[in-house]
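Listing of coords.cif, mmCIF, C-alpha atoms
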data_my_file
loop_
_atom_site.label_atom_id
_atom_site.label_comp_id
_atom_site.auth_asym_id
_atom_site.auth_seq_id
_atom_site.Cartn_x
_atom_site.Cartn_y
_atom_site.Cartn_z
CA MET A 692 3.90 36.37 7.45
CA GLU A 693 5.68 35.77 4.15
CA LYS A 694 8.33 33.68 5.92
CA ARG A 695 5.64 31.26 7.12
CA GLU A 696 4.31 30.91 3.56
CA ASN A 697 7.81 30.06 2.28
CA PHE A 698 8.22 27.54 5.08
CA SER A 699 4.88 25.98 4.15
CA ARG A 700 5.84 25.67 0.48
CA LYS A 701 9.19 24.16 1.40
CA ARG A 702 7.57 21.72 3.80
CA ILE A 703 5.11 20.58 1.13
CA ALA A 704 7.95 20.28 -1.40
CA ILE A 705 9.97 18.11 1.02
CA LEU A 706 7.01 15.80 1.61
CA ASN A 707 6.16 15.61 -2.10
CA THR A 708 9.78 14.82 -2.99
CA LEU A 709 9.84 12.05 -0.41
CA GLN A 710 6.52 10.59 -1.52
CA GLU A 711 7.31 10.75 -5.25
CA THR A 712 10.48 8.65 -5.12
CA THR A 713 11.13 4.98 -4.47
CA VAL A 714 14.83 5.34 -3.62
CA HIS A 715 14.34 5.72 0.15
CA PRO A 716 16.36 8.94 0.25
CA THR A 717 18.54 10.55 2.85
CA ALA A 718 18.03 14.15 3.97
CA ASP A 719 21.07 15.07 1.81
CA TRP A 720 19.38 13.57 -1.27
CA VAL A 721 16.13 15.49 -0.64
CA TYR A 722 18.12 18.68 -0.01
CA ALA A 723 20.07 18.27 -3.28
CA LYS A 724 16.84 17.73 -5.23
CA LEU A 725 15.14 20.82 -3.81
CA LYS A 726 18.04 23.29 -3.44
CA PRO A 727 17.92 24.51 -7.08
CA ARG A 728 14.21 25.36 -6.71
CA TYR A 729 14.55 26.75 -3.16
CA PRO A 730 17.96 28.50 -2.95
CA ASN A 731 17.49 29.52 0.71
CA LEU A 732 16.57 25.99 1.82
CA SER A 733 18.83 24.65 4.55
CA LEU A 734 19.80 21.07 5.24
CA GLY A 735 18.60 21.58 8.81
CA THR A 736 15.12 22.45 7.53
CA VAL A 737 15.05 19.22 5.55
CA TYR A 738 16.17 17.16 8.57
CA ARG A 739 13.64 18.80 10.89
CA ASN A 740 10.78 18.27 8.48
CA LEU A 741 11.67 14.64 7.75
CA LYS A 742 11.76 13.94 11.49
CA LYS A 743 8.41 15.73 11.93
CA PHE A 744 6.88 13.68 9.09
CA CYS A 745 8.03 10.50 10.85
CA GLU A 746 6.54 11.69 14.14
CA THR A 747 3.19 12.48 12.50
CA GLY A 748 3.01 9.28 10.44
CA LYS A 749 3.49 10.91 7.03
CA ALA A 750 6.84 9.11 6.57
CA VAL A 751 8.91 6.39 8.17
CA SER A 752 12.59 6.02 8.90
CA VAL A 753 14.09 2.95 7.25
CA GLY A 754 17.10 3.26 9.54
CA VAL A 755 20.73 4.29 9.32
CA ILE A 756 22.51 2.72 6.36
CA ASN A 757 26.16 3.48 5.63
CA GLY A 758 26.06 6.25 8.23
CA GLN A 759 22.98 8.09 6.94
CA GLU A 760 19.33 7.80 7.89
CA HIS A 761 17.02 6.82 5.03
CA PHE A 762 13.34 7.72 4.79
CA ASP A 763 10.27 6.30 3.07
CA GLY A 764 7.22 8.30 2.03
CA CYS A 765 5.15 5.14 1.70
CA VAL A 766 3.64 4.51 5.12
CA GLU A 767 1.56 1.48 4.17
CA PRO A 768 2.82 -1.68 5.93
CA HIS A 769 5.62 -3.31 3.92
CA ALA A 770 9.10 -4.72 4.40
CA HIS A 771 12.45 -3.47 3.10
CA PHE A 772 15.55 -5.09 1.66
CA VAL A 773 18.92 -3.41 2.32
CA CYS A 774 21.92 -4.29 0.16
CA LYS A 775 24.96 -4.81 2.37
CA ARG A 776 27.31 -3.80 -0.47
CA CYS A 777 25.85 -0.65 -2.02
CA GLY A 778 23.29 0.35 0.62
CA ALA A 779 20.33 0.33 -1.78
CA VAL A 780 16.95 0.04 -0.09
CA LEU A 781 14.18 -1.79 -1.93
CA ASP A 782 10.51 -2.22 -1.04
CA ILE A 783 9.13 -5.69 -0.46
CA PRO A 784 5.36 -5.19 -0.75
CA GLU A 785 4.39 -7.81 1.81
CA LYS A 786 2.76 -7.46 5.19
CA PHE A 787 4.42 -9.93 7.53
CA PHE A 788 2.44 -9.33 10.71
CA LYS A 789 -1.33 -9.17 10.97
CA GLN A 790 -2.95 -7.19 13.77
CA ASP A 791 -4.11 -10.35 15.55
CA GLU A 792 -0.52 -11.65 15.56
CA LEU A 793 0.68 -8.40 17.13
CA SER A 794 -2.11 -8.66 19.70
CA SER A 795 -1.09 -12.22 20.51
CA ILE A 796 2.55 -11.22 21.00
CA SER A 797 1.44 -8.25 23.11
CA ALA A 798 -0.59 -10.50 25.40
CA ARG A 799 2.06 -13.21 25.62
CA PHE A 800 4.87 -10.86 26.59
CA HIS A 801 2.78 -8.21 28.41
CA LEU A 802 3.67 -5.51 25.88
CA THR A 803 1.77 -2.90 23.97
CA LEU A 804 2.84 -3.42 20.36
CA GLU A 805 1.66 -0.83 17.89
CA SER A 806 3.46 -1.96 14.75
CA ALA A 807 6.25 -4.17 13.44
CA ARG A 808 8.88 -3.69 10.76
CA VAL A 809 10.75 -6.30 8.76
CA VAL A 810 14.12 -5.54 7.15
CA PHE A 811 15.91 -8.10 5.03
CA GLU A 812 19.64 -7.78 4.35
CA GLY A 813 21.69 -9.28 1.58
CA VAL A 814 23.09 -8.44 -1.83
CA CYS A 815 21.00 -6.75 -4.53
CA PRO A 816 20.95 -8.04 -8.12
CA GLN A 817 23.20 -5.21 -9.39
CA CYS A 818 25.91 -5.97 -6.83
CA GLU A 819 25.51 -9.70 -7.31
CA ASN A 820 26.17 -9.23 -11.04
CA GLY A 821 29.24 -7.06 -10.46
CA TYR A 822 27.66 -3.69 -11.21
CA VAL A 823 29.51 -0.91 -9.38
CA GLN A 824 27.57 2.26 -8.56
#
This structure in structure tokens:
Amino acid sequence: MEKRENFSRKRIAILNTLQETTVHPTADWVYAKLKPRYPNLSLGTVYRNLKKFCETGKAVSVGVINGQEHFDGCVEPHAHFVCKRCGAVLDIPEKFFKQDELSSISARFHLTLESARVVFEGVCPQCENGYVQ
């Protein structure tokens, strides 16, 4: 029974860590943040929980950037900007598709659309100004 309690605390810690940051982290980033507090935490546990949060609507996957999947704890509709140089992911707090627009597209193309995501790509201000991370 104690193992389940530890799992529950770890799961809550993973979700809280994801929701408390704006950096759109990878599983490795979340793991590195939590490992000092939870020494027996495994990277696999972090991956499994992040995937489960995406499946249950508590998180979203921003996509694979520079070979690693990035996650967002903010599930409200918004767009993202991805820097093609450094891989930074930034929120763009705009909703680009209204429900009636999705319904119209669904009807026109005989689809069942449930949501839409917008991702902009380009160069962030730090890279544009020559800042190297």
Query - Nearest candidate to A:Glu819 (options A:Arg776, A:His771, A:Lys789, A:Arg799; using all atoms listed in the file) - result: A:Arg776
What are the nearest atom pairs, with distances in Å to one decimal, for all residues of stretch 753-824 of chain A that come at most 9 Å from stretch 713-721 of chain A, using only C-alpha atoms, set out by chain and rising residue number as a Markdown table?
| residue | atom | partner | partner_atom | distance |
| --- | --- | --- | --- | --- |
| A:Val753 | CA | A:His715 | CA | 7.6 |
| A:Gln759 | CA | A:Thr717 | CA | 6.5 |
| A:Glu760 | CA | A:Thr717 | CA | 5.8 |
| A:His761 | CA | A:Thr717 | CA | 4.6 |
| A:Phe762 | CA | A:His715 | CA | 5.2 |
| A:Asp763 | CA | A:His715 | CA | 5.0 |
| A:Gly764 | CA | A:His715 | CA | 7.8 |
| A:Cys765 | CA | A:Thr713 | CA | 8.6 |
| A:Ala779 | CA | A:Val714 | CA | 7.7 |
| A:Val780 | CA | A:His715 | CA | 6.3 |
| A:Leu781 | CA | A:Val714 | CA | 7.4 |
| A:Asp782 | CA | A:Thr713 | CA | 8.0 |
**Report entry** Distance of atom CA of A:Pro784 from atom CA of A:Glu767, expressed in Å to one decimal place
**Finding:**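 Interatomic distance here is 9.1 Å.
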Report task. Please provide the set of residues having any atom within 12 Å of stretch 723-734 of chain A, restricted to all atoms listed in the file, with same-chain residues fewer than 2 positions apart removed, written as a PyMOL selection string. Result -> chain A and resi 694+697-709+711-712+716-721+736-741
Query - Cut-off 12 Å around (28.6, 2.7, 6.7) with only C-alpha atoms: residues as a list in words - result: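 Returned residue set, sorted by chain then number, is Gly754, Val755, Ile756, Asn757, Gly758, Gln759, Glu760, Cys774, Lys775, Arg776, Cys777 and Gly778 of chain A.
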Requested in this report: Quick one: everything within 7 Å of stretch 801-810 of chain A, counting only C-alpha atoms, minus sequence neighbours fewer than 6 positions away in the same chain. Send it as a PyMOL selection string.
Outcome: chain A and resi 770-772+788+793
Save the residues we just selected, C-alpha atoms, as a compact mmCIF listing (two decimals), keeping the file's coordinate frame?
# COMPACT_ATOMS: atom_id res chain seq x y z
CA ALA A 770 9.10 -4.72 4.40
CA HIS A 771 12.45 -3.47 3.10
CA PHE A 772 15.55 -5.09 1.66
CA PHE A 788 2.44 -9.33 10.71
CA LEU A 793 0.68 -8.40 17.13
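Note that atom CA of A:Val766 and atom CA of A:Ile796 are 22.4 Å apart.
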Query - Pairwise distance for atom CA of A:Glu746 and atom CA of A:Gly813, rounded to one decimal in Å - result: 28.8 Å
Query raised in the report: From the set A:Asp791, A:Glu812, A:Gln710, A:Phe800, which residue has the shortest atom-to-atom contact distance to A:Phe744, counting all atoms listed in the file?
Result: A:Gln710
